[in-house]
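S.K.: You'll find coords.cif just under this line, and it carries mmCIF, C-alpha atoms.
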data_input
#
loop_
_atom_site.group_PDB
_atom_site.id
_atom_site.type_symbol
_atom_site.label_atom_id
_atom_site.label_comp_id
_atom_site.auth_asym_id
_atom_site.auth_seq_id
_atom_site.Cartn_x
_atom_site.Cartn_y
_atom_site.Cartn_z
ATOM 1 C CA MET A 1 48.168 88.843 -21.695
ATOM 2 C CA THR A 2 46.961 86.224 -19.315
ATOM 3 C CA ARG A 3 50.362 84.620 -19.295
ATOM 4 C CA GLN A 4 51.873 87.636 -17.647
ATOM 5 C CA SER A 5 49.295 87.935 -14.938
ATOM 6 C CA PRO A 6 50.377 85.091 -12.636
ATOM 7 C CA PRO A 7 53.329 86.081 -10.493
ATOM 8 C CA THR A 8 56.390 84.032 -11.301
ATOM 9 C CA ASP A 9 58.196 84.830 -8.079
ATOM 10 C CA GLU A 10 56.140 82.610 -5.851
ATOM 11 C CA PRO A 11 55.907 78.948 -6.631
ATOM 12 C CA SER A 12 52.631 78.535 -8.359
ATOM 13 C CA THR A 13 51.044 76.110 -10.686
ATOM 14 C CA LEU A 14 49.642 77.152 -13.999
ATOM 15 C CA ILE A 15 47.496 75.113 -16.283
ATOM 16 C CA GLY A 16 47.813 76.858 -19.589
ATOM 17 C CA PRO A 17 45.078 77.591 -22.068
ATOM 18 C CA GLY A 18 46.099 74.679 -24.273
ATOM 19 C CA ILE A 19 46.047 72.094 -21.508
ATOM 20 C CA PHE A 20 43.285 69.754 -20.540
ATOM 21 C CA VAL A 21 43.619 68.031 -17.182
ATOM 22 C CA ARG A 22 41.256 65.289 -16.183
ATOM 23 C CA GLY A 23 41.585 63.817 -12.744
ATOM 24 C CA ARG A 24 42.384 64.860 -9.235
ATOM 25 C CA VAL A 25 44.584 67.807 -8.475
ATOM 26 C CA SER A 26 45.867 68.397 -4.964
ATOM 27 C CA GLY A 27 48.618 70.481 -3.480
ATOM 28 C CA GLU A 28 49.757 73.221 -1.181
ATOM 29 C CA GLU A 29 50.272 76.161 -3.473
ATOM 30 C CA ASP A 30 48.375 78.480 -5.728
ATOM 31 C CA LEU A 31 46.823 77.050 -8.827
ATOM 32 C CA HIS A 32 46.018 79.108 -11.897
ATOM 33 C CA VAL A 33 43.722 77.490 -14.373
ATOM 34 C CA GLU A 34 43.680 79.046 -17.794
ATOM 35 C CA GLY A 35 42.844 75.843 -19.587
ATOM 36 C CA ARG A 36 40.351 73.132 -18.858
ATOM 37 C CA LEU A 37 40.275 70.983 -15.763
ATOM 38 C CA GLU A 38 37.824 68.217 -14.937
ATOM 39 C CA GLY A 39 37.749 66.161 -11.783
ATOM 40 C CA SER A 40 38.536 67.573 -8.401
ATOM 41 C CA ILE A 41 40.801 70.176 -6.856
ATOM 42 C CA GLU A 42 42.033 70.107 -3.281
ATOM 43 C CA LEU A 43 44.391 72.882 -2.310
ATOM 44 C CA THR A 44 45.527 74.578 0.851
ATOM 45 C CA GLU A 45 46.078 77.817 -1.029
ATOM 46 C CA THR A 46 44.244 79.777 -3.669
ATOM 47 C CA VAL A 47 42.661 78.552 -6.861
ATOM 48 C CA TYR A 48 42.461 81.108 -9.648
ATOM 49 C CA VAL A 49 40.244 80.336 -12.577
ATOM 50 C CA ALA A 50 41.207 82.736 -15.303
ATOM 51 C CA THR A 51 38.842 84.237 -17.811
ATOM 52 C CA ALA A 52 39.620 81.490 -20.318
ATOM 53 C CA GLY A 53 39.661 78.803 -17.657
ATOM 54 C CA ILE A 54 37.027 76.113 -17.453
ATOM 55 C CA VAL A 55 36.809 73.988 -14.354
ATOM 56 C CA VAL A 56 34.329 71.159 -14.143
ATOM 57 C CA ALA A 57 35.193 69.843 -10.733
ATOM 58 C CA THR A 58 34.525 69.953 -7.055
ATOM 59 C CA VAL A 59 36.862 72.550 -5.648
ATOM 60 C CA GLN A 60 38.226 72.726 -2.111
ATOM 61 C CA ALA A 61 40.726 75.421 -1.264
ATOM 62 C CA ARG A 62 41.454 78.211 1.128
ATOM 63 C CA ASP A 63 40.426 80.837 -1.394
ATOM 64 C CA VAL A 64 38.802 80.514 -4.757
ATOM 65 C CA VAL A 65 38.856 83.346 -7.260
ATOM 66 C CA VAL A 66 36.786 82.760 -10.342
ATOM 67 C CA SER A 67 36.942 84.841 -13.471
ATOM 68 C CA GLY A 68 36.092 82.054 -15.863
ATOM 69 C CA VAL A 69 33.712 79.131 -15.714
ATOM 70 C CA VAL A 70 33.296 76.700 -12.851
ATOM 71 C CA VAL A 71 30.797 73.877 -12.784
ATOM 72 C CA GLY A 72 30.782 72.062 -9.490
ATOM 73 C CA ASN A 73 30.574 72.630 -5.807
ATOM 74 C CA VAL A 74 33.092 75.050 -4.356
ATOM 75 C CA THR A 75 34.219 74.888 -0.744
ATOM 76 C CA ALA A 76 36.623 77.465 0.622
ATOM 77 C CA GLU A 77 38.034 77.895 4.083
ATOM 78 C CA ASP A 78 38.281 81.630 3.682
ATOM 79 C CA SER A 79 36.550 83.155 0.702
ATOM 80 C CA VAL A 80 35.043 82.613 -2.711
ATOM 81 C CA THR A 81 35.223 85.490 -5.144
ATOM 82 C CA LEU A 82 33.275 85.682 -8.371
ATOM 83 C CA ASN A 83 34.628 88.425 -10.562
ATOM 84 C CA ALA A 84 32.782 90.068 -13.382
ATOM 85 C CA GLY A 85 32.365 87.651 -16.230
ATOM 86 C CA ALA A 86 32.600 84.618 -14.007
ATOM 87 C CA LYS A 87 30.128 81.801 -14.365
ATOM 88 C CA LEU A 88 29.587 79.382 -11.541
ATOM 89 C CA VAL A 89 27.076 76.570 -11.434
ATOM 90 C CA GLY A 90 27.198 74.798 -8.121
ATOM 91 C CA ASP A 91 26.989 75.302 -4.418
ATOM 92 C CA ILE A 92 29.307 77.581 -2.503
ATOM 93 C CA THR A 93 30.371 76.861 1.048
ATOM 94 C CA ALA A 94 32.578 79.568 2.505
ATOM 95 C CA PRO A 95 32.479 82.076 5.345
ATOM 96 C CA ARG A 96 33.052 84.887 2.847
ATOM 97 C CA VAL A 97 31.445 85.009 -0.554
ATOM 98 C CA ILE A 98 32.028 87.944 -2.859
ATOM 99 C CA VAL A 99 30.007 88.179 -6.041
ATOM 100 C CA ALA A 100 30.868 91.054 -8.318
ATOM 101 C CA ASP A 101 28.528 92.758 -10.713
ATOM 102 C CA GLY A 102 28.447 90.863 -13.974
ATOM 103 C CA ALA A 103 29.047 87.457 -12.460
ATOM 104 C CA ALA A 104 26.659 84.630 -13.220
ATOM 105 C CA PHE A 105 25.925 82.227 -10.410
ATOM 106 C CA SER A 106 23.441 79.446 -9.927
ATOM 107 C CA GLY A 107 23.458 77.443 -6.748
ATOM 108 C CA ASN A 108 23.229 77.591 -3.023
ATOM 109 C CA VAL A 109 25.406 79.600 -0.718
ATOM 110 C CA ALA A 110 26.220 78.444 2.801
ATOM 111 C CA MET A 111 28.123 80.816 5.059
ATOM 112 C CA GLY A 112 28.409 78.763 8.160
ATOM 113 C CA GLY A 113 31.302 80.628 9.683
ATOM 114 C CA GLU A 114 29.551 83.491 11.446
ATOM 115 C CA PRO A 115 26.271 83.411 13.287
ATOM 116 C CA PRO A 116 23.725 85.875 11.924
ATOM 117 C CA PRO A 117 23.388 89.110 13.917
ATOM 118 C CA PRO A 118 20.432 89.239 16.312
ATOM 119 C CA ARG A 119 17.375 90.778 14.760
ATOM 120 C CA LYS A 120 15.801 93.948 16.131
ATOM 121 C CA GLU A 121 12.293 92.555 15.885
ATOM 122 C CA ARG A 122 12.437 91.372 19.447
ATOM 123 C CA ARG A 123 12.752 94.917 20.734
ATOM 124 C CA GLN A 124 9.549 96.063 19.080
ATOM 125 C CA PRO A 125 7.121 93.937 21.070
ATOM 126 C CA THR A 126 8.626 95.239 24.307
ATOM 127 C CA ARG A 127 8.074 98.764 23.088
ATOM 128 C CA ARG A 128 4.543 97.899 22.121
ATOM 129 C CA ALA A 129 3.905 96.354 25.485
ATOM 130 C CA THR A 130 4.759 99.533 27.388
ATOM 131 C CA PRO A 131 2.416 101.892 25.479
ATOM 132 C CA LYS A 132 -0.503 99.539 25.853
ATOM 133 C CA PRO A 133 -0.983 100.068 29.598
ATOM 134 C CA ALA A 134 -0.413 103.780 29.124
ATOM 135 C CA ALA A 135 -3.164 103.909 26.508
ATOM 136 C CA ALA A 136 -5.434 101.915 28.770
ATOM 137 C CA THR A 137 -4.887 104.215 31.726
ATOM 138 C CA ARG A 138 -5.412 107.399 29.734
ATOM 139 C CA PRO A 139 -9.075 106.853 28.742
ATOM 140 C CA ALA A 140 -9.882 105.508 32.163
ATOM 141 C CA ALA A 141 -8.407 108.553 33.897
ATOM 142 C CA LYS A 142 -9.841 111.288 31.651
ATOM 143 C CA PRO A 143 -13.506 110.356 31.154
ATOM 144 C CA SER A 144 -14.996 109.112 34.363
ATOM 145 C CA THR A 145 -18.443 108.740 32.770
ATOM 146 C CA LYS A 146 -17.191 106.348 30.146
ATOM 147 C CA ALA A 147 -15.494 104.361 32.791
ATOM 148 C CA SER A 148 -18.711 104.211 34.793
ATOM 149 C CA LYS A 149 -20.670 103.138 31.736
ATOM 150 C CA ALA A 150 -18.135 100.550 30.815
ATOM 151 C CA SER A 151 -17.714 99.495 34.399
ATOM 152 C CA PRO A 152 -20.978 97.582 35.032
ATOM 153 C CA THR A 153 -19.965 94.793 32.747
ATOM 154 C CA ARG A 154 -16.679 94.631 34.561
ATOM 155 C CA VAL A 155 -18.371 94.773 37.928
ATOM 156 C CA ALA A 156 -20.542 91.906 36.879
ATOM 157 C CA ALA A 157 -17.517 90.186 35.464
ATOM 158 C CA ILE A 158 -15.826 90.551 38.835
ATOM 159 C CA PRO A 159 -18.676 88.790 40.520
ATOM 160 C CA THR A 160 -19.455 89.332 44.078
ATOM 161 C CA PRO A 161 -21.002 86.074 45.230
ATOM 162 C CA ARG A 162 -24.358 87.798 45.662
ATOM 163 C CA ALA A 163 -24.490 88.981 42.063
ATOM 164 C CA ALA A 164 -23.657 85.547 40.766
ATOM 165 C CA ARG A 165 -26.385 84.002 42.920
ATOM 166 C CA ARG A 166 -28.894 86.546 41.687
ATOM 167 C CA ASP A 167 -28.176 85.606 38.057
ATOM 168 C CA GLU A 168 -28.657 81.953 38.834
ATOM 169 C CA GLY A 169 -31.778 82.782 40.718
ATOM 170 C CA ASP A 170 -33.186 84.528 37.687
ATOM 171 C CA ASP A 171 -32.791 81.401 35.640
ATOM 172 C CA THR A 172 -34.321 79.214 38.252
ATOM 173 C CA VAL A 173 -37.279 81.464 38.757
ATOM 174 C CA VAL A 174 -37.976 81.638 35.063
ATOM 175 C CA VAL A 175 -37.793 77.901 34.871
ATOM 176 C CA LYS A 176 -40.273 77.598 37.703
ATOM 177 C CA HIS A 177 -42.867 79.483 35.784
ATOM 178 C CA ALA A 178 -42.038 77.664 32.579
ATOM 179 C CA GLU A 179 -41.944 74.253 34.196
ATOM 180 C CA VAL A 180 -45.584 73.572 33.732
ATOM 181 C CA ASP A 181 -45.574 74.255 30.022
ATOM 182 C CA GLU A 182 -42.285 72.545 29.417
ATOM 183 C CA ASN A 183 -43.277 69.468 31.348
ATOM 184 C CA LYS A 184 -46.358 69.156 29.268
ATOM 185 C CA ARG A 185 -44.515 69.600 25.990
ATOM 186 C CA SER A 186 -41.395 67.579 26.663
ATOM 187 C CA ALA A 187 -39.708 66.124 29.674
ATOM 188 C CA GLY A 188 -36.118 67.069 28.765
ATOM 189 C CA LYS A 189 -32.991 67.041 30.728
ATOM 190 C CA LYS A 190 -33.184 70.775 31.155
ATOM 191 C CA THR A 191 -36.399 70.498 33.109
ATOM 192 C CA ALA A 192 -34.912 67.741 35.192
ATOM 193 C CA LYS A 193 -31.940 69.905 35.988
ATOM 194 C CA SER A 194 -34.197 72.826 36.713
ATOM 195 C CA ARG A 195 -36.198 70.718 39.131
ATOM 196 C CA LYS A 196 -33.068 69.666 40.916
ATOM 197 C CA LYS A 197 -31.768 73.193 41.126
ATOM 198 C CA ALA A 198 -35.028 74.844 41.863
ATOM 199 C CA PRO A 199 -36.290 73.182 45.016
ATOM 200 C CA PRO A 200 -33.347 73.856 47.335
ATOM 201 C CA ARG A 201 -33.238 77.525 46.369
ATOM 202 C CA ALA A 202 -36.927 77.827 46.649
ATOM 203 C CA ARG A 203 -36.782 76.261 50.109
ATOM 204 C CA VAL A 204 -34.269 78.893 51.170
ATOM 205 C CA PRO A 205 -36.206 82.049 50.491
ATOM 206 C CA LYS A 206 -34.085 85.127 50.366
ATOM 207 C CA PRO A 207 -35.492 88.568 49.967
ATOM 208 C CA GLY A 208 -33.137 89.318 47.117
ATOM 209 C CA LYS A 209 -34.277 86.398 45.030
ATOM 210 C CA ARG A 210 -37.877 87.176 45.351
ATOM 211 C CA ARG A 211 -37.261 90.702 44.242
ATOM 212 C CA VAL A 212 -35.276 89.559 41.231
ATOM 213 C CA GLY A 213 -37.774 86.922 40.335
ATOM 214 C CA ARG A 214 -40.650 89.391 40.488
ATOM 215 C CA ARG A 215 -38.807 91.620 38.063
ATOM 216 C CA MET B 1 58.369 80.175 -22.378
ATOM 217 C CA ALA B 2 56.640 77.350 -20.697
ATOM 218 C CA ASN B 3 52.998 77.974 -20.233
ATOM 219 C CA THR B 4 51.857 75.228 -17.967
ATOM 220 C CA VAL B 5 53.621 74.563 -14.702
ATOM 221 C CA ILE B 6 52.779 71.867 -12.220
ATOM 222 C CA GLY B 7 54.163 73.197 -8.961
ATOM 223 C CA SER B 8 56.304 71.274 -6.541
ATOM 224 C CA THR B 9 53.505 70.635 -4.054
ATOM 225 C CA ILE B 10 50.898 69.760 -6.642
ATOM 226 C CA VAL B 11 49.724 66.238 -7.243
ATOM 227 C CA ILE B 12 47.696 65.513 -10.331
ATOM 228 C CA ASP B 13 46.161 62.078 -10.482
ATOM 229 C CA GLY B 14 44.590 61.703 -13.859
ATOM 230 C CA GLU B 15 45.112 62.715 -17.401
ATOM 231 C CA ILE B 16 46.835 65.724 -18.892
ATOM 232 C CA THR B 17 46.389 66.456 -22.542
ATOM 233 C CA GLY B 18 46.934 69.496 -24.656
ATOM 234 C CA ASP B 19 49.003 71.360 -27.159
ATOM 235 C CA GLU B 20 51.350 73.293 -24.977
ATOM 236 C CA ASP B 21 54.650 73.059 -23.171
ATOM 237 C CA LEU B 22 54.490 71.468 -19.738
ATOM 238 C CA VAL B 23 56.872 71.900 -16.818
ATOM 239 C CA VAL B 24 56.505 69.361 -14.056
ATOM 240 C CA GLN B 25 57.893 70.304 -10.674
ATOM 241 C CA GLY B 26 55.384 68.270 -8.711
ATOM 242 C CA THR B 27 53.798 64.882 -9.148
ATOM 243 C CA VAL B 28 51.795 63.688 -12.109
ATOM 244 C CA LYS B 29 50.140 60.299 -12.144
ATOM 245 C CA GLY B 30 48.107 58.739 -14.870
ATOM 246 C CA ARG B 31 48.654 59.712 -18.452
ATOM 247 C CA VAL B 32 50.250 62.640 -20.197
ATOM 248 C CA GLY B 33 49.652 63.347 -23.847
ATOM 249 C CA LEU B 34 51.116 66.484 -25.371
ATOM 250 C CA ARG B 35 52.173 67.661 -28.784
ATOM 251 C CA GLN B 36 54.846 69.952 -27.428
ATOM 252 C CA ASN B 37 57.663 69.722 -24.916
ATOM 253 C CA ILE B 38 57.658 68.249 -21.426
ATOM 254 C CA HIS B 39 60.237 69.367 -18.959
ATOM 255 C CA VAL B 40 60.475 67.313 -15.784
ATOM 256 C CA GLU B 41 62.339 69.323 -13.192
ATOM 257 C CA GLU B 42 64.563 67.861 -10.530
ATOM 258 C CA SER B 43 61.724 67.849 -8.036
ATOM 259 C CA GLY B 44 59.281 66.508 -10.587
ATOM 260 C CA VAL B 45 57.849 63.026 -10.401
ATOM 261 C CA VAL B 46 55.968 61.537 -13.314
ATOM 262 C CA GLU B 47 54.295 58.205 -12.802
ATOM 263 C CA ALA B 48 52.565 57.977 -16.101
ATOM 264 C CA ASN B 49 52.751 56.949 -19.681
ATOM 265 C CA VAL B 50 53.921 59.957 -21.620
ATOM 266 C CA GLU B 51 53.325 60.841 -25.223
ATOM 267 C CA THR B 52 54.951 64.020 -26.432
ATOM 268 C CA ALA B 53 57.163 65.612 -29.035
ATOM 269 C CA THR B 54 60.202 66.125 -26.851
ATOM 270 C CA ILE B 55 60.841 65.323 -23.207
ATOM 271 C CA THR B 56 63.634 66.533 -20.978
ATOM 272 C CA ILE B 57 64.003 64.700 -17.706
ATOM 273 C CA LEU B 58 65.908 65.945 -14.705
ATOM 274 C CA GLY B 59 63.705 64.300 -12.140
ATOM 275 C CA THR B 60 61.960 60.962 -11.903
ATOM 276 C CA VAL B 61 59.843 59.296 -14.543
ATOM 277 C CA THR B 62 58.202 55.934 -14.112
ATOM 278 C CA GLY B 63 56.374 54.741 -17.168
ATOM 279 C CA ASP B 64 56.675 54.406 -20.869
ATOM 280 C CA VAL B 65 57.820 57.448 -22.787
ATOM 281 C CA VAL B 66 56.935 57.934 -26.416
ATOM 282 C CA ALA B 67 58.520 61.004 -27.996
ATOM 283 C CA SER B 68 58.013 61.855 -31.612
ATOM 284 C CA GLU B 69 61.202 63.891 -31.789
ATOM 285 C CA ARG B 70 63.575 63.553 -28.852
ATOM 286 C CA ALA B 71 63.996 62.205 -25.333
ATOM 287 C CA GLU B 72 66.746 63.639 -23.197
ATOM 288 C CA LEU B 73 67.774 62.208 -19.868
ATOM 289 C CA LYS B 74 69.823 64.663 -17.873
ATOM 290 C CA SER B 75 72.242 63.737 -15.148
ATOM 291 C CA ASN B 76 70.857 62.643 -11.797
ATOM 292 C CA CYS B 77 67.529 61.715 -13.350
ATOM 293 C CA ARG B 78 65.832 58.424 -12.739
ATOM 294 C CA VAL B 79 63.801 56.796 -15.443
ATOM 295 C CA VAL B 80 62.136 53.429 -15.264
ATOM 296 C CA GLY B 81 60.301 52.402 -18.388
ATOM 297 C CA ASP B 82 60.589 52.051 -22.110
ATOM 298 C CA ILE B 83 61.621 54.916 -24.322
ATOM 299 C CA HIS B 84 60.469 55.223 -27.899
ATOM 300 C CA ALA B 85 62.058 58.125 -29.692
ATOM 301 C CA PRO B 86 64.117 58.713 -32.857
ATOM 302 C CA ARG B 87 66.699 60.591 -30.808
ATOM 303 C CA VAL B 88 67.588 59.576 -27.279
ATOM 304 C CA LEU B 89 70.171 61.469 -25.247
ATOM 305 C CA ILE B 90 71.364 60.006 -21.982
ATOM 306 C CA ALA B 91 73.738 62.180 -20.001
ATOM 307 C CA ASP B 92 76.424 60.991 -17.677
ATOM 308 C CA GLY B 93 75.020 60.283 -14.241
ATOM 309 C CA ALA B 94 71.541 59.451 -15.468
ATOM 310 C CA SER B 95 69.810 56.385 -14.086
ATOM 311 C CA PHE B 96 67.767 54.475 -16.562
ATOM 312 C CA LYS B 97 66.132 51.072 -16.575
ATOM 313 C CA GLY B 98 64.151 49.897 -19.546
ATOM 314 C CA ASN B 99 64.198 49.458 -23.266
ATOM 315 C CA VAL B 100 65.119 52.018 -25.859
ATOM 316 C CA ASP B 101 63.553 51.956 -29.279
ATOM 317 C CA MET B 102 64.885 54.443 -31.834
ATOM 318 C CA ASP B 103 63.112 53.030 -34.828
ATOM 319 C CA GLY B 104 60.682 55.910 -34.632
#
Render the structure in this file as structure tokens.
M.R.:
Amino acid sequence: MTRQSPPTDEPSTLIGPGIFVRGRVSGEEDLHVEGRLEGSIELTETVYVATAGIVVATVQARDVVVSGVVVGNVTAEDSVTLNAGAKLVGDITAPRVIVADGAAFSGNVAMGGEPPPPRKERRQPTRRATPKPAAATRPAAKPSTKASKASPTRVAAIPTPRAARRDEGDDTVVVKHAEVDENKRSAGKKTAKSRKKAPPRARVPKPGKRRVGRR
Amino acid sequence: MANTVIGSTIVIDGEITGDEDLVVQGTVKGRVGLRQNIHVEESGVVEANVETATITILGTVTGDVVASERAELKSNCRVVGDIHAPRVLIADGASFKGNVDMDG
């Protein structure tokens, strides 16, 4: 049955089921392996490993079609095909790799020929970025009260110089009152800093500070 | 008829063994050990020691040939090496250099 399968018209090489080849096989025509071959294969055409074929070799060819057993790394310029019933243990390097249902394969596959298509994940963040400002504008536009309630923190966060000075003034004023106790308890760096900060601001009395301090 | 064919552009550097007919159209280097027939075509080149039952040479063989039954050298073939076979046929026009041993 298998003897009839290879075409006899084209010049092709057949290693029959009763043949055992050990060594290096190279050439420029199709090679059908129905027997056993160990070593290496280098072809510019197609290597066919028939169902009964056993190849324990590193294989380099344009195409590799495996229906039998191959143990070794396979490198093809065009394609590697594993038909049903094929067993391959080794790495595949080929731009096209076809593995049929029922094929057994263990190894790495490297398809270096074509770059992978660009992923769509990059489009999603741009879509997410556009709804965010829309969602932010919606609550601000609809409820004015919420915006006013939420605003004071922002107003303080966008400090007018006066507001910032008032906050600092609060600290200094509190320190002034606490200076006496703190100096008695411990002369820390904080009190020293407070002394340095306090006198110039106390010397420049502003109505705003006094009001804040009294609060 | 012949099961195994080594094509004209194929080079096998190593060892071929088996129990099957072999047709060599390409190049075989190393060692060939068969129990059946070897047919070296006109384009075939065998640079190996050959052990077989019968061998028919139309091409080039370099190496010792041991045939258990018959060795036939067709015309225009080139054989360099010793031949051990009970029956040796050398056709007119064949080129042969080596020893012949028909003691079997």
S.K.: So how many Å separate CA of Val89 (chain A) and CA of Asn73 (chain A), to one decimal?
M.R.: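 A separation of 7.7 Å between them.
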S.K.: Name the closest residue to chain B among the candidates A:Val65, A:Ala110, A:Ala104, A:Ile41; distances are taken between atoms, counting all atoms listed in the file.
M.R.: A:Ile41
S.K.: Which distance in Å separates CA of Asn99 (chain B) and CA of Val11 (chain B), to one decimal?
M.R.: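 Result for CA of Asn99 (chain B) versus CA of Val11 (chain B): 27.3 Å, one decimal.
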S.K.: Using all atoms listed in the file and a distance of at most 7 Å, pull out the residues of chain A that contact chain B, as a list in words.
M.R.: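 Every residue of chain A that passes the 7 Å test is in Pro11, Ser12, Thr13, Leu14, Ile15, Gly16, Gly18, Ile19, Phe20, Val21, Arg22, Gly23, Arg24, Val25, Ser26, Gly27, Glu28 and Glu29 of chain A.
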S.K.: What would the list of residues within 7 Å of (40.2, 77.6, -14.1) (file frame) look like as a list in words, if all atoms listed in the file are what count?
M.R.: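 So the residues meeting the distance criterion are His32, Val33, Glu34, Gly35, Arg36, Leu37, Tyr48, Val49, Ala50, Gly53, Ile54, Val55, Gly68 and Val69 of chain A.
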S.K.: Starting from the shown file, work through the PyMOL selection byres ((chain B and resi 55-60) around 6) and note down what comes out as a list in words.
M.R.: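 Output of the PyMOL selection byres ((chain B and resi 55-60) around 6): Asn37, Ile38, His39, Val40, Glu41, Glu42, Ser43, Gly44, Val45, Thr54, Val61, Ala71, Glu72, Leu73, Lys74, Cys77, Arg78 and Val79 of chain B.
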S.K.: What does the distance from CA of Val100 (chain B) to CA of Ser75 (chain B) come to in Å, to one decimal?
M.R.: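 Value for the CA of Val100 (chain B)-CA of Ser75 (chain B) distance: 17.4 Å.
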S.K.: Just say which residues the PyMOL selection byres ((chain B and resi 83) around 7) picks in this file, as a list in words.
M.R.: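 Residues picked by the PyMOL selection byres ((chain B and resi 83) around 7): Asp64, Val65, Val66, Gly81, Asp82, His84, Ala85, Asn99, Val100 and Asp101 of chain B.
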S.K.: Based on the selection just made, write C-alpha atoms of those residues as a compact mmCIF listing (two decimals), in the coordinates of the input.
M.R.:
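Result file out24.txt:
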# COMPACT_ATOMS: atom_id res chain seq x y z
CA ASP B 64 56.68 54.41 -20.87
CA VAL B 65 57.82 57.45 -22.79
CA VAL B 66 56.94 57.93 -26.42
CA GLY B 81 60.30 52.40 -18.39
CA ASP B 82 60.59 52.05 -22.11
CA HIS B 84 60.47 55.22 -27.90
CA ALA B 85 62.06 58.12 -29.69
CA ASN B 99 64.20 49.46 -23.27
CA VAL B 100 65.12 52.02 -25.86
CA ASP B 101 63.55 51.96 -29.28
S.K.: Any chance you could work out the residue set of the PyMOL selection byres ((chain A and resi 76) around 8) here, as a tab-separated table (two decimals) with C-alpha atoms, in the coordinates of the input?
M.R.:
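See result_8.tsv below for the written result:
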chain	number	residue	atom	x	y	z
A	59	VAL	CA	36.86	72.55	-5.65
A	60	GLN	CA	38.23	72.73	-2.11
A	61	ALA	CA	40.73	75.42	-1.26
A	62	ARG	CA	41.45	78.21	1.13
A	63	ASP	CA	40.43	80.84	-1.39
A	64	VAL	CA	38.80	80.51	-4.76
A	74	VAL	CA	33.09	75.05	-4.36
A	75	THR	CA	34.22	74.89	-0.74
A	77	GLU	CA	38.03	77.90	4.08
A	78	ASP	CA	38.28	81.63	3.68
A	79	SER	CA	36.55	83.16	0.70
A	80	VAL	CA	35.04	82.61	-2.71
A	92	ILE	CA	29.31	77.58	-2.50
A	93	THR	CA	30.37	76.86	1.05
A	94	ALA	CA	32.58	79.57	2.50
A	95	PRO	CA	32.48	82.08	5.34
S.K.: Any chance you could turn region 53-74 of chain B into a file with C-alpha atoms, as a JSON list (two decimals), in the first residue's frame?
M.R.:
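Done, and the output landed in selection-v6.json:
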[["chain", "number", "residue", "atom", "x", "y", "z"],
["B", 53, "ALA", "CA", 23.49, -10.84, -2.34],
["B", 54, "THR", "CA", 23.71, -9.54, -5.88],
["B", 55, "ILE", "CA", 24.98, -6.26, -7.27],
["B", 56, "THR", "CA", 24.48, -4.81, -10.72],
["B", 57, "ILE", "CA", 26.68, -1.87, -11.57],
["B", 58, "LEU", "CA", 26.09, 0.56, -14.39],
["B", 59, "GLY", "CA", 27.61, 3.53, -12.65],
["B", 60, "THR", "CA", 30.63, 4.05, -10.44],
["B", 61, "VAL", "CA", 31.64, 1.99, -7.44],
["B", 62, "THR", "CA", 34.72, 2.66, -5.38],
["B", 63, "GLY", "CA", 35.27, 0.15, -2.64],
["B", 64, "ASP", "CA", 35.26, -3.50, -1.90],
["B", 65, "VAL", "CA", 32.26, -5.48, -3.06],
["B", 66, "VAL", "CA", 31.26, -8.70, -1.37],
["B", 67, "ALA", "CA", 28.34, -10.47, -3.04],
["B", 68, "SER", "CA", 27.04, -13.76, -1.78],
["B", 69, "GLU", "CA", 25.54, -14.68, -5.14],
["B", 70, "ARG", "CA", 26.57, -12.52, -8.08],
["B", 71, "ALA", "CA", 28.33, -9.34, -9.14],
["B", 72, "GLU", "CA", 27.60, -7.95, -12.56],
["B", 73, "LEU", "CA", 29.52, -5.12, -14.13],
["B", 74, "LYS", "CA", 27.65, -3.62, -17.04]]
